[in-house]
>>> print(open('upload-v6.cif').read())   # mmCIF, N, CA and C atoms
data_work
#
loop_
_atom_site.group_PDB
_atom_site.id
_atom_site.type_symbol
_atom_site.label_atom_id
_atom_site.label_comp_id
_atom_site.auth_asym_id
_atom_site.auth_seq_id
_atom_site.Cartn_x
_atom_site.Cartn_y
_atom_site.Cartn_z
ATOM 1 N N MET B 17 11.937 128.110 92.136
ATOM 2 C CA MET B 17 13.107 128.371 92.937
ATOM 3 C C MET B 17 13.410 127.125 93.757
ATOM 4 N N THR B 18 14.659 126.782 93.812
ATOM 5 C CA THR B 18 15.046 125.598 94.574
ATOM 6 C C THR B 18 15.056 125.928 96.071
ATOM 7 N N PRO B 19 14.865 124.922 96.906
ATOM 8 C CA PRO B 19 14.980 125.150 98.342
ATOM 9 C C PRO B 19 16.352 125.708 98.714
ATOM 10 N N GLU B 20 17.392 125.250 98.026
ATOM 11 C CA GLU B 20 18.751 125.724 98.310
ATOM 12 C C GLU B 20 18.873 127.227 98.030
ATOM 13 N N GLU B 21 18.314 127.663 96.910
ATOM 14 C CA GLU B 21 18.359 129.078 96.544
ATOM 15 C C GLU B 21 17.562 129.925 97.537
ATOM 16 N N LEU B 22 16.383 129.447 97.944
ATOM 17 C CA LEU B 22 15.575 130.176 98.923
ATOM 18 C C LEU B 22 16.321 130.293 100.239
ATOM 19 N N GLU B 23 16.918 129.206 100.684
ATOM 20 C CA GLU B 23 17.672 129.218 101.933
ATOM 21 C C GLU B 23 18.864 130.170 101.838
ATOM 22 N N LYS B 24 19.562 130.153 100.726
ATOM 23 C CA LYS B 24 20.713 131.021 100.507
ATOM 24 C C LYS B 24 20.301 132.496 100.539
ATOM 25 N N ARG B 25 19.234 132.836 99.822
ATOM 26 C CA ARG B 25 18.752 134.223 99.809
ATOM 27 C C ARG B 25 18.292 134.667 101.192
ATOM 28 N N THR B 26 17.629 133.778 101.906
ATOM 29 C CA THR B 26 17.141 134.112 103.248
ATOM 30 C C THR B 26 18.307 134.393 104.180
ATOM 31 N N LYS B 27 19.319 133.553 104.157
ATOM 32 C CA LYS B 27 20.493 133.747 105.014
ATOM 33 C C LYS B 27 21.246 135.021 104.667
ATOM 34 N N ALA B 28 21.168 135.450 103.401
ATOM 35 C CA ALA B 28 21.847 136.665 102.955
ATOM 36 C C ALA B 28 20.997 137.916 103.195
ATOM 37 N N GLY B 29 19.800 137.734 103.788
ATOM 38 C CA GLY B 29 18.916 138.864 104.041
ATOM 39 C C GLY B 29 18.205 139.355 102.789
ATOM 40 N N GLN B 30 18.104 138.498 101.777
ATOM 41 C CA GLN B 30 17.471 138.868 100.514
ATOM 42 C C GLN B 30 16.307 137.934 100.191
ATOM 43 N N ALA B 31 15.585 137.541 101.216
ATOM 44 C CA ALA B 31 14.478 136.602 101.019
ATOM 45 C C ALA B 31 13.377 137.239 100.184
ATOM 46 N N PRO B 32 12.869 136.519 99.197
ATOM 47 C CA PRO B 32 11.726 137.024 98.436
ATOM 48 C C PRO B 32 10.464 136.893 99.278
ATOM 49 N N ALA B 33 9.392 137.529 98.842
ATOM 50 C CA ALA B 33 8.105 137.334 99.498
ATOM 51 C C ALA B 33 7.704 135.879 99.295
ATOM 52 N N LEU B 34 7.372 135.211 100.375
ATOM 53 C CA LEU B 34 7.023 133.792 100.352
ATOM 54 C C LEU B 34 5.542 133.664 100.680
ATOM 55 N N ILE B 35 4.772 133.167 99.731
ATOM 56 C CA ILE B 35 3.321 133.077 99.858
ATOM 57 C C ILE B 35 2.922 131.616 99.984
ATOM 58 N N ASP B 36 2.371 131.246 101.138
ATOM 59 C CA ASP B 36 1.979 129.863 101.424
ATOM 60 C C ASP B 36 0.469 129.744 101.251
ATOM 61 N N VAL B 37 0.044 129.001 100.238
ATOM 62 C CA VAL B 37 -1.374 128.923 99.900
ATOM 63 C C VAL B 37 -2.083 127.704 100.492
ATOM 64 N N ARG B 38 -1.458 127.043 101.447
ATOM 65 C CA ARG B 38 -2.080 125.867 102.060
ATOM 66 C C ARG B 38 -3.168 126.281 103.054
ATOM 67 N N SER B 39 -3.898 125.302 103.555
ATOM 68 C CA SER B 39 -4.964 125.554 104.528
ATOM 69 C C SER B 39 -4.370 126.038 105.849
ATOM 70 N N GLY B 40 -5.235 126.564 106.702
ATOM 71 C CA GLY B 40 -4.799 127.042 108.012
ATOM 72 C C GLY B 40 -4.156 125.955 108.846
ATOM 73 N N PHE B 41 -4.736 124.760 108.828
ATOM 74 C CA PHE B 41 -4.171 123.644 109.583
ATOM 75 C C PHE B 41 -2.793 123.268 109.056
ATOM 76 N N GLU B 42 -2.675 123.178 107.726
ATOM 77 C CA GLU B 42 -1.380 122.827 107.125
ATOM 78 C C GLU B 42 -0.320 123.867 107.484
ATOM 79 N N PHE B 43 -0.684 125.134 107.379
ATOM 80 C CA PHE B 43 0.255 126.218 107.683
ATOM 81 C C PHE B 43 0.693 126.155 109.148
ATOM 82 N N ALA B 44 -0.270 125.993 110.053
ATOM 83 C CA ALA B 44 0.037 125.954 111.479
ATOM 84 C C ALA B 44 0.886 124.742 111.853
ATOM 85 N N SER B 45 0.734 123.639 111.120
ATOM 86 C CA SER B 45 1.477 122.428 111.455
ATOM 87 C C SER B 45 2.929 122.472 110.985
ATOM 88 N N GLY B 46 3.291 123.483 110.207
ATOM 89 C CA GLY B 46 4.683 123.656 109.802
ATOM 90 C C GLY B 46 4.819 124.443 108.519
ATOM 91 N N HIS B 47 5.433 125.617 108.614
ATOM 92 C CA HIS B 47 5.654 126.453 107.443
ATOM 93 C C HIS B 47 7.057 127.037 107.480
ATOM 94 N N ILE B 48 7.473 127.600 106.373
ATOM 95 C CA ILE B 48 8.784 128.221 106.283
ATOM 96 C C ILE B 48 8.716 129.563 106.995
ATOM 97 N N SER B 49 9.685 129.821 107.840
ATOM 98 C CA SER B 49 9.719 131.074 108.588
ATOM 99 C C SER B 49 9.664 132.260 107.634
ATOM 100 N N GLY B 50 8.808 133.212 107.947
ATOM 101 C CA GLY B 50 8.665 134.405 107.122
ATOM 102 C C GLY B 50 7.587 134.300 106.062
ATOM 103 N N ALA B 51 7.011 133.111 105.900
ATOM 104 C CA ALA B 51 5.964 132.931 104.892
ATOM 105 C C ALA B 51 4.690 133.659 105.311
ATOM 106 N N VAL B 52 4.011 134.212 104.320
ATOM 107 C CA VAL B 52 2.705 134.831 104.528
ATOM 108 C C VAL B 52 1.656 133.769 104.237
ATOM 109 N N HIS B 53 0.758 133.555 105.201
ATOM 110 C CA HIS B 53 -0.296 132.578 104.987
ATOM 111 C C HIS B 53 -1.355 133.206 104.090
ATOM 112 N N ALA B 54 -1.593 132.597 102.959
ATOM 113 C CA ALA B 54 -2.542 133.133 101.980
ATOM 114 C C ALA B 54 -3.295 131.976 101.337
ATOM 115 N N PRO B 55 -4.288 131.409 102.058
ATOM 116 C CA PRO B 55 -5.048 130.317 101.451
ATOM 117 C C PRO B 55 -5.511 130.730 100.055
ATOM 118 N N LEU B 56 -5.571 129.789 99.166
ATOM 119 C CA LEU B 56 -5.846 130.068 97.764
ATOM 120 C C LEU B 56 -7.018 131.033 97.565
ATOM 121 N N VAL B 57 -8.100 130.855 98.315
ATOM 122 C CA VAL B 57 -9.270 131.724 98.123
ATOM 123 C C VAL B 57 -8.991 133.169 98.530
ATOM 124 N N ASN B 58 -7.956 133.406 99.326
ATOM 125 C CA ASN B 58 -7.630 134.756 99.791
ATOM 126 C C ASN B 58 -6.279 135.251 99.304
ATOM 127 N N VAL B 59 -5.701 134.600 98.318
ATOM 128 C CA VAL B 59 -4.322 134.902 97.945
ATOM 129 C C VAL B 59 -4.147 136.351 97.478
ATOM 130 N N LEU B 60 -5.051 136.874 96.689
ATOM 131 C CA LEU B 60 -4.911 138.260 96.231
ATOM 132 C C LEU B 60 -4.967 139.241 97.390
ATOM 133 N N LYS B 61 -5.922 139.034 98.275
ATOM 134 C CA LYS B 61 -6.089 139.898 99.440
ATOM 135 C C LYS B 61 -4.834 139.857 100.319
ATOM 136 N N ALA B 62 -4.302 138.673 100.543
ATOM 137 C CA ALA B 62 -3.118 138.526 101.395
ATOM 138 C C ALA B 62 -1.888 139.168 100.762
ATOM 139 N N VAL B 63 -1.712 139.007 99.471
ATOM 140 C CA VAL B 63 -0.568 139.613 98.789
ATOM 141 C C VAL B 63 -0.678 141.129 98.846
ATOM 142 N N GLN B 64 -1.875 141.659 98.634
ATOM 143 C CA GLN B 64 -2.070 143.106 98.703
ATOM 144 C C GLN B 64 -1.851 143.622 100.125
ATOM 145 N N ALA B 65 -2.312 142.884 101.134
ATOM 146 C CA ALA B 65 -2.131 143.284 102.532
ATOM 147 C C ALA B 65 -0.662 143.267 102.936
ATOM 148 N N ALA B 66 0.115 142.404 102.305
ATOM 149 C CA ALA B 66 1.545 142.324 102.607
ATOM 150 C C ALA B 66 2.314 143.452 101.909
ATOM 151 N N SER B 67 1.604 144.313 101.188
ATOM 152 C CA SER B 67 2.203 145.442 100.461
ATOM 153 C C SER B 67 3.305 144.986 99.515
ATOM 154 N N THR B 68 3.072 143.891 98.870
ATOM 155 C CA THR B 68 4.036 143.376 97.906
ATOM 156 C C THR B 68 3.796 144.074 96.571
ATOM 157 N N ALA B 69 4.808 144.756 96.070
ATOM 158 C CA ALA B 69 4.695 145.449 94.788
ATOM 159 C C ALA B 69 4.650 144.426 93.658
ATOM 160 N N LYS B 70 3.946 144.753 92.614
ATOM 161 C CA LYS B 70 3.785 143.808 91.511
ATOM 162 C C LYS B 70 5.106 143.360 90.885
ATOM 163 N N PRO B 71 6.143 144.207 90.808
ATOM 164 C CA PRO B 71 7.405 143.717 90.224
ATOM 165 C C PRO B 71 8.222 142.824 91.169
ATOM 166 N N ASP B 72 7.894 142.805 92.470
ATOM 167 C CA ASP B 72 8.661 142.018 93.438
ATOM 168 C C ASP B 72 8.514 140.527 93.165
ATOM 169 N N LEU B 73 9.575 139.789 93.480
ATOM 170 C CA LEU B 73 9.541 138.341 93.342
ATOM 171 C C LEU B 73 8.636 137.733 94.403
ATOM 172 N N LEU B 74 7.732 136.876 93.968
ATOM 173 C CA LEU B 74 6.872 136.107 94.865
ATOM 174 C C LEU B 74 7.199 134.638 94.661
ATOM 175 N N VAL B 75 7.476 133.938 95.756
ATOM 176 C CA VAL B 75 7.680 132.493 95.692
ATOM 177 C C VAL B 75 6.456 131.866 96.350
ATOM 178 N N ILE B 76 5.776 131.023 95.599
ATOM 179 C CA ILE B 76 4.514 130.446 96.051
ATOM 180 C C ILE B 76 4.741 129.006 96.485
ATOM 181 N N VAL B 77 4.155 128.666 97.647
ATOM 182 C CA VAL B 77 4.351 127.350 98.258
ATOM 183 C C VAL B 77 3.002 126.709 98.549
ATOM 184 N N CYS B 78 2.888 125.435 98.251
ATOM 185 C CA CYS B 78 1.781 124.625 98.757
ATOM 186 C C CYS B 78 2.371 123.268 99.136
ATOM 187 N N GLU B 79 1.562 122.297 99.405
ATOM 188 C CA GLU B 79 2.098 121.015 99.864
ATOM 189 C C GLU B 79 2.726 120.211 98.724
ATOM 190 N N HIS B 80 1.995 120.115 97.589
ATOM 191 C CA HIS B 80 2.485 119.290 96.480
ATOM 192 C C HIS B 80 2.502 119.999 95.132
ATOM 193 N N GLY B 81 1.836 121.130 94.967
ATOM 194 C CA GLY B 81 1.925 121.864 93.718
ATOM 195 C C GLY B 81 0.657 122.393 93.085
ATOM 196 N N PRO B 82 -0.461 121.667 93.107
ATOM 197 C CA PRO B 82 -1.638 122.144 92.369
ATOM 198 C C PRO B 82 -2.154 123.518 92.813
ATOM 199 N N ARG B 83 -2.265 123.742 94.102
ATOM 200 C CA ARG B 83 -2.765 125.042 94.573
ATOM 201 C C ARG B 83 -1.792 126.157 94.232
ATOM 202 N N ALA B 84 -0.498 125.866 94.302
ATOM 203 C CA ALA B 84 0.507 126.864 93.949
ATOM 204 C C ALA B 84 0.390 127.238 92.477
ATOM 205 N N GLN B 85 0.151 126.273 91.623
ATOM 206 C CA GLN B 85 -0.025 126.546 90.191
ATOM 207 C C GLN B 85 -1.235 127.451 89.964
ATOM 208 N N LEU B 86 -2.337 127.158 90.640
ATOM 209 C CA LEU B 86 -3.539 127.996 90.513
ATOM 210 C C LEU B 86 -3.270 129.406 91.019
ATOM 211 N N ALA B 87 -2.610 129.521 92.158
ATOM 212 C CA ALA B 87 -2.297 130.834 92.725
ATOM 213 C C ALA B 87 -1.392 131.622 91.786
ATOM 214 N N LYS B 88 -0.408 130.963 91.215
ATOM 215 C CA LYS B 88 0.506 131.632 90.286
ATOM 216 C C LYS B 88 -0.267 132.196 89.098
ATOM 217 N N GLY B 89 -1.156 131.406 88.526
ATOM 218 C CA GLY B 89 -1.962 131.876 87.400
ATOM 219 C C GLY B 89 -2.837 133.055 87.778
ATOM 220 N N LEU B 90 -3.470 132.977 88.925
ATOM 221 C CA LEU B 90 -4.337 134.059 89.401
ATOM 222 C C LEU B 90 -3.541 135.340 89.632
ATOM 223 N N LEU B 91 -2.396 135.205 90.291
ATOM 224 C CA LEU B 91 -1.566 136.388 90.557
ATOM 225 C C LEU B 91 -1.030 136.989 89.259
ATOM 226 N N ARG B 92 -0.611 136.163 88.339
ATOM 227 C CA ARG B 92 -0.116 136.670 87.051
ATOM 228 C C ARG B 92 -1.234 137.402 86.298
ATOM 229 N N TRP B 93 -2.433 136.880 86.360
ATOM 230 C CA TRP B 93 -3.576 137.508 85.708
ATOM 231 C C TRP B 93 -3.845 138.888 86.304
ATOM 232 N N HIS B 94 -3.518 139.062 87.579
ATOM 233 C CA HIS B 94 -3.717 140.345 88.260
ATOM 234 C C HIS B 94 -2.461 141.214 88.242
ATOM 235 N N GLY B 95 -1.497 140.872 87.420
ATOM 236 C CA GLY B 95 -0.344 141.747 87.216
ATOM 237 C C GLY B 95 0.919 141.390 87.967
ATOM 238 N N TYR B 96 0.907 140.336 88.753
ATOM 239 C CA TYR B 96 2.110 139.897 89.462
ATOM 240 C C TYR B 96 2.857 138.928 88.537
ATOM 241 N N LYS B 97 3.773 139.457 87.755
ATOM 242 C CA LYS B 97 4.441 138.666 86.713
ATOM 243 C C LYS B 97 5.698 137.951 87.194
ATOM 244 N N ASN B 98 6.277 138.395 88.304
ATOM 245 C CA ASN B 98 7.535 137.833 88.797
ATOM 246 C C ASN B 98 7.226 136.783 89.874
ATOM 247 N N THR B 99 6.682 135.656 89.447
ATOM 248 C CA THR B 99 6.273 134.612 90.389
ATOM 249 C C THR B 99 6.995 133.311 90.075
ATOM 250 N N GLU B 100 7.346 132.603 91.133
ATOM 251 C CA GLU B 100 7.979 131.286 90.994
ATOM 252 C C GLU B 100 7.352 130.341 91.996
ATOM 253 N N LEU B 101 7.457 129.069 91.711
ATOM 254 C CA LEU B 101 7.022 128.044 92.656
ATOM 255 C C LEU B 101 8.249 127.495 93.361
ATOM 256 N N LEU B 102 8.091 127.095 94.613
ATOM 257 C CA LEU B 102 9.173 126.434 95.329
ATOM 258 C C LEU B 102 9.288 125.014 94.796
ATOM 259 N N ASP B 103 10.441 124.671 94.257
ATOM 260 C CA ASP B 103 10.657 123.316 93.727
ATOM 261 C C ASP B 103 10.411 122.284 94.829
ATOM 262 N N GLY B 104 9.581 121.305 94.532
ATOM 263 C CA GLY B 104 9.297 120.240 95.487
ATOM 264 C C GLY B 104 8.305 120.624 96.559
ATOM 265 N N HIS B 105 7.997 121.898 96.654
ATOM 266 C CA HIS B 105 6.985 122.415 97.573
ATOM 267 C C HIS B 105 7.319 122.065 99.028
ATOM 268 N N MET B 106 6.360 122.201 99.929
ATOM 269 C CA MET B 106 6.614 121.940 101.350
ATOM 270 C C MET B 106 6.990 120.485 101.592
ATOM 271 N N ASP B 107 6.463 119.599 100.803
ATOM 272 C CA ASP B 107 6.778 118.186 100.963
ATOM 273 C C ASP B 107 8.288 117.968 100.892
ATOM 274 N N GLN B 108 8.931 118.500 99.873
ATOM 275 C CA GLN B 108 10.382 118.341 99.739
ATOM 276 C C GLN B 108 11.135 119.144 100.789
ATOM 277 N N TRP B 109 10.655 120.355 101.086
ATOM 278 C CA TRP B 109 11.312 121.198 102.099
ATOM 279 C C TRP B 109 11.413 120.428 103.418
ATOM 280 N N ARG B 110 10.296 119.843 103.822
ATOM 281 C CA ARG B 110 10.234 119.102 105.085
ATOM 282 C C ARG B 110 11.096 117.836 105.023
ATOM 283 N N ARG B 111 10.985 117.071 103.918
ATOM 284 C CA ARG B 111 11.752 115.824 103.791
ATOM 285 C C ARG B 111 13.257 116.061 103.765
ATOM 286 N N SER B 112 13.681 117.246 103.336
ATOM 287 C CA SER B 112 15.112 117.535 103.279
ATOM 288 C C SER B 112 15.662 117.981 104.635
ATOM 289 N N GLY B 113 14.782 118.047 105.640
ATOM 290 C CA GLY B 113 15.242 118.397 106.987
ATOM 291 C C GLY B 113 15.391 119.888 107.235
ATOM 292 N N ARG B 114 14.878 120.699 106.331
ATOM 293 C CA ARG B 114 14.974 122.149 106.526
ATOM 294 C C ARG B 114 14.017 122.571 107.626
ATOM 295 N N PRO B 115 14.314 123.695 108.279
ATOM 296 C CA PRO B 115 13.493 124.107 109.433
ATOM 297 C C PRO B 115 12.096 124.571 109.050
ATOM 298 N N VAL B 116 11.144 124.241 109.911
ATOM 299 C CA VAL B 116 9.775 124.725 109.776
ATOM 300 C C VAL B 116 9.353 125.361 111.089
ATOM 301 N N LYS B 117 8.507 126.334 110.973
ATOM 302 C CA LYS B 117 7.944 127.008 112.152
ATOM 303 C C LYS B 117 6.558 126.454 112.363
ATOM 304 N N LYS B 118 6.238 126.105 113.613
ATOM 305 C CA LYS B 118 4.926 125.530 113.917
ATOM 306 C C LYS B 118 4.143 126.486 114.802
ATOM 307 N N ASP B 119 2.851 126.615 114.512
ATOM 308 C CA ASP B 119 1.967 127.488 115.283
ATOM 309 C C ASP B 119 0.991 126.702 116.151
ATOM 310 N N LEU B 120 1.172 125.390 116.231
ATOM 311 C CA LEU B 120 0.251 124.563 117.030
ATOM 312 C C LEU B 120 0.651 124.554 118.483
#
>>> encode(input="upload-v6.cif", output="structure tokens")
Amino acid sequence: MTPEELEKRTKAGQAPALIDVRSGFEFASGHISGAVHAPLVNVLKAVQAASTAKPDLLVIVCEHGPRAQLAKGLLRWHGYKNTELLDGHMDQWRRSGRPVKKDL
């Protein structure tokens, strides 16, 4: 999913579940508003705790892509088939000047 599409859906009140698989420090230093923090080792637990139904769209975010790819594979293996990666990941989101929420 492109950052533009995510922003458009969010503004329209149709934001998909956004799963951020980065570390706690990375997440706290700046994440997309509404994202669920789900470090890769806890991604299944976090998705289940968020009560996300398996058919729901999940958009997975990491800093550059590798962890998001692993999370996508793991979630698909567990029945979450409607998964997408954020194009350009957080790196592009931040560089494009889009808003981030900080917990520091």
>>> closest_residue(input="upload-v6.cif", among="B:Gly81, B:Gly50, B:Pro71, B:Pro55", to="Arg38 in chain B", atoms="only N, CA and C atoms")
B:Pro55
>>> atom_distance(input="upload-v6.cif", atom1="CA of Arg83 in chain B", atom2="CA of Arg25 in chain B")
24.0 Å
>>> closest_residue(input="upload-v6.cif", among="B:Met17, B:Ala69, B:Ala62, B:Val77", to="His47 in chain B", atoms="only C-alpha atoms")
B:Val77
>>> atom_distance(input="upload-v6.cif", atom1="atom C of Lys27 in chain B", atom2="atom N of Cys78 in chain B")
21.7 Å
>>> residues_around(input="upload-v6.cif", residues="range 99-111 of chain B", least_positions_apart="3", cutoff="5 Å", atoms="all atoms listed in the file", output="number ranges by chain")
B: 17-18, 74-76, 78-79, 114
>>> atom_distance(input="upload-v6.cif", atom1="atom N of Leu73 in chain B", atom2="CA of Lys88 in chain B")
12.6 Å
>>> closest_residue(input="upload-v6.cif", among="B:Val57, B:Ala66, B:Ala51, B:Leu86", to="Ile35 in chain B", atoms="all atoms listed in the file")
B:Ala51
>>> closest_residue(input="upload-v6.cif", among="B:Leu90, B:Ala65, B:Val52, B:Leu60", to="Leu34 in chain B", atoms="all atoms listed in the file")
B:Val52
>>> axis_aligned_box(input="upload-v6.cif", around="range 32-40 of chain B", padding_each_side="4 Å", output="JSON")
{"center_x": 3.8, "center_y": 131.4, "center_z": 103.6, "size_x": 26.1, "size_y": 20.2, "size_z": 18.4}
>>> closest_residue(input="upload-v6.cif", among="B:Gly89, B:Gly40, B:Pro115, B:Gly95", to="Ala54 in chain B", atoms="all atoms listed in the file")
B:Gly40
>>> select_by_dssp(input="upload-v6.cif", residues="chain B", states="strand (DSSP E)", output="list in words")
Ala33, Leu34, Ile35, Asp36, Val52, His53, Leu74, Val75, Ile76, Val77, Thr99, Glu100 and Leu101 of chain B
>>> closest_residue(input="upload-v6.cif", among="B:Asp72, B:Lys24, B:Ile48, B:Lys61", to="Lys118 in chain B", atoms="only N, CA and C atoms")
B:Ile48
>>> select_by_dssp(input="upload-v6.cif", residues="chain B", states="helix (DSSP H, G or I)", output="number ranges by chain")
B: 19-27, 40-45, 56-65, 82-93, 105-111
>>> residues_around(input="upload-v6.cif", residues="Asp119 in chain B", least_positions_apart="5", cutoff="8 Å", atoms="all atoms listed in the file", output="short mmCIF file (atom, residue, chain, number, x, y, z; two decimals) with N, CA and C atoms, in the frame of the given file")
data_model
loop_
_atom_site.label_atom_id
_atom_site.label_comp_id
_atom_site.auth_asym_id
_atom_site.auth_seq_id
_atom_site.Cartn_x
_atom_site.Cartn_y
_atom_site.Cartn_z
N PHE B 43 -0.68 125.13 107.38
CA PHE B 43 0.26 126.22 107.68
C PHE B 43 0.69 126.16 109.15
N ALA B 44 -0.27 125.99 110.05
CA ALA B 44 0.04 125.95 111.48
C ALA B 44 0.89 124.74 111.85
N SER B 45 0.73 123.64 111.12
CA SER B 45 1.48 122.43 111.46
C SER B 45 2.93 122.47 110.98
N GLY B 46 3.29 123.48 110.21
CA GLY B 46 4.68 123.66 109.80
C GLY B 46 4.82 124.44 108.52
N HIS B 47 5.43 125.62 108.61
CA HIS B 47 5.65 126.45 107.44
C HIS B 47 7.06 127.04 107.48
#
>>> build_atoms(input="upload-v6.cif", residues="range 25-42 of chain B", atoms="N, CA, C and O atoms", output="PDB file, in the frame of the given file")
ATOM      1  N   ARG B  25      19.234 132.836  99.822  1.00  0.00           N
ATOM      2  CA  ARG B  25      18.752 134.223  99.809  1.00  0.00           C
ATOM      3  C   ARG B  25      18.292 134.667 101.192  1.00  0.00           C
ATOM      4  O   ARG B  25      18.532 135.801 101.592  1.00  0.00           O
ATOM      5  N   THR B  26      17.629 133.778 101.906  1.00  0.00           N
ATOM      6  CA  THR B  26      17.141 134.112 103.248  1.00  0.00           C
ATOM      7  C   THR B  26      18.307 134.393 104.180  1.00  0.00           C
ATOM      8  O   THR B  26      18.301 135.389 104.911  1.00  0.00           O
ATOM      9  N   LYS B  27      19.319 133.553 104.157  1.00  0.00           N
ATOM     10  CA  LYS B  27      20.493 133.747 105.014  1.00  0.00           C
ATOM     11  C   LYS B  27      21.246 135.021 104.667  1.00  0.00           C
ATOM     12  O   LYS B  27      21.866 135.635 105.527  1.00  0.00           O
ATOM     13  N   ALA B  28      21.168 135.450 103.401  1.00  0.00           N
ATOM     14  CA  ALA B  28      21.847 136.665 102.955  1.00  0.00           C
ATOM     15  C   ALA B  28      20.997 137.916 103.195  1.00  0.00           C
ATOM     16  O   ALA B  28      21.402 139.018 102.851  1.00  0.00           O
ATOM     17  N   GLY B  29      19.800 137.734 103.788  1.00  0.00           N
ATOM     18  CA  GLY B  29      18.916 138.864 104.041  1.00  0.00           C
ATOM     19  C   GLY B  29      18.205 139.355 102.789  1.00  0.00           C
ATOM     20  O   GLY B  29      17.745 140.485 102.739  1.00  0.00           O
ATOM     21  N   GLN B  30      18.104 138.498 101.777  1.00  0.00           N
ATOM     22  CA  GLN B  30      17.471 138.868 100.514  1.00  0.00           C
ATOM     23  C   GLN B  30      16.307 137.934 100.191  1.00  0.00           C
ATOM     24  O   GLN B  30      16.068 137.597  99.031  1.00  0.00           O
ATOM     25  N   ALA B  31      15.585 137.541 101.216  1.00  0.00           N
ATOM     26  CA  ALA B  31      14.478 136.602 101.019  1.00  0.00           C
ATOM     27  C   ALA B  31      13.377 137.239 100.184  1.00  0.00           C
ATOM     28  O   ALA B  31      12.991 138.381 100.429  1.00  0.00           O
ATOM     29  N   PRO B  32      12.869 136.519  99.197  1.00  0.00           N
ATOM     30  CA  PRO B  32      11.726 137.024  98.436  1.00  0.00           C
ATOM     31  C   PRO B  32      10.464 136.893  99.278  1.00  0.00           C
ATOM     32  O   PRO B  32      10.459 136.207 100.310  1.00  0.00           O
ATOM     33  N   ALA B  33       9.392 137.529  98.842  1.00  0.00           N
ATOM     34  CA  ALA B  33       8.105 137.334  99.498  1.00  0.00           C
ATOM     35  C   ALA B  33       7.704 135.879  99.295  1.00  0.00           C
ATOM     36  O   ALA B  33       7.731 135.368  98.184  1.00  0.00           O
ATOM     37  N   LEU B  34       7.372 135.211 100.375  1.00  0.00           N
ATOM     38  CA  LEU B  34       7.023 133.792 100.352  1.00  0.00           C
ATOM     39  C   LEU B  34       5.542 133.664 100.680  1.00  0.00           C
ATOM     40  O   LEU B  34       5.108 134.032 101.774  1.00  0.00           O
ATOM     41  N   ILE B  35       4.772 133.167  99.731  1.00  0.00           N
ATOM     42  CA  ILE B  35       3.321 133.077  99.858  1.00  0.00           C
ATOM     43  C   ILE B  35       2.922 131.616  99.984  1.00  0.00           C
ATOM     44  O   ILE B  35       3.111 130.831  99.058  1.00  0.00           O
ATOM     45  N   ASP B  36       2.371 131.246 101.138  1.00  0.00           N
ATOM     46  CA  ASP B  36       1.979 129.863 101.424  1.00  0.00           C
ATOM     47  C   ASP B  36       0.469 129.744 101.251  1.00  0.00           C
ATOM     48  O   ASP B  36      -0.296 130.327 102.018  1.00  0.00           O
ATOM     49  N   VAL B  37       0.044 129.001 100.238  1.00  0.00           N
ATOM     50  CA  VAL B  37      -1.374 128.923  99.900  1.00  0.00           C
ATOM     51  C   VAL B  37      -2.083 127.704 100.492  1.00  0.00           C
ATOM     52  O   VAL B  37      -3.215 127.394 100.109  1.00  0.00           O
ATOM     53  N   ARG B  38      -1.458 127.043 101.447  1.00  0.00           N
ATOM     54  CA  ARG B  38      -2.080 125.867 102.060  1.00  0.00           C
ATOM     55  C   ARG B  38      -3.168 126.281 103.054  1.00  0.00           C
ATOM     56  O   ARG B  38      -3.317 127.448 103.393  1.00  0.00           O
ATOM     57  N   SER B  39      -3.898 125.302 103.555  1.00  0.00           N
ATOM     58  CA  SER B  39      -4.964 125.554 104.528  1.00  0.00           C
ATOM     59  C   SER B  39      -4.370 126.038 105.849  1.00  0.00           C
ATOM     60  O   SER B  39      -3.165 125.924 106.096  1.00  0.00           O
ATOM     61  N   GLY B  40      -5.235 126.564 106.702  1.00  0.00           N
ATOM     62  CA  GLY B  40      -4.799 127.042 108.012  1.00  0.00           C
ATOM     63  C   GLY B  40      -4.156 125.955 108.846  1.00  0.00           C
ATOM     64  O   GLY B  40      -3.139 126.174 109.505  1.00  0.00           O
ATOM     65  N   PHE B  41      -4.736 124.760 108.828  1.00  0.00           N
ATOM     66  CA  PHE B  41      -4.171 123.644 109.583  1.00  0.00           C
ATOM     67  C   PHE B  41      -2.793 123.268 109.056  1.00  0.00           C
ATOM     68  O   PHE B  41      -1.861 123.053 109.819  1.00  0.00           O
ATOM     69  N   GLU B  42      -2.675 123.178 107.726  1.00  0.00           N
ATOM     70  CA  GLU B  42      -1.380 122.827 107.125  1.00  0.00           C
ATOM     71  C   GLU B  42      -0.320 123.867 107.484  1.00  0.00           C
ATOM     72  O   GLU B  42       0.803 123.523 107.846  1.00  0.00           O
TER      73      GLU B  42
END
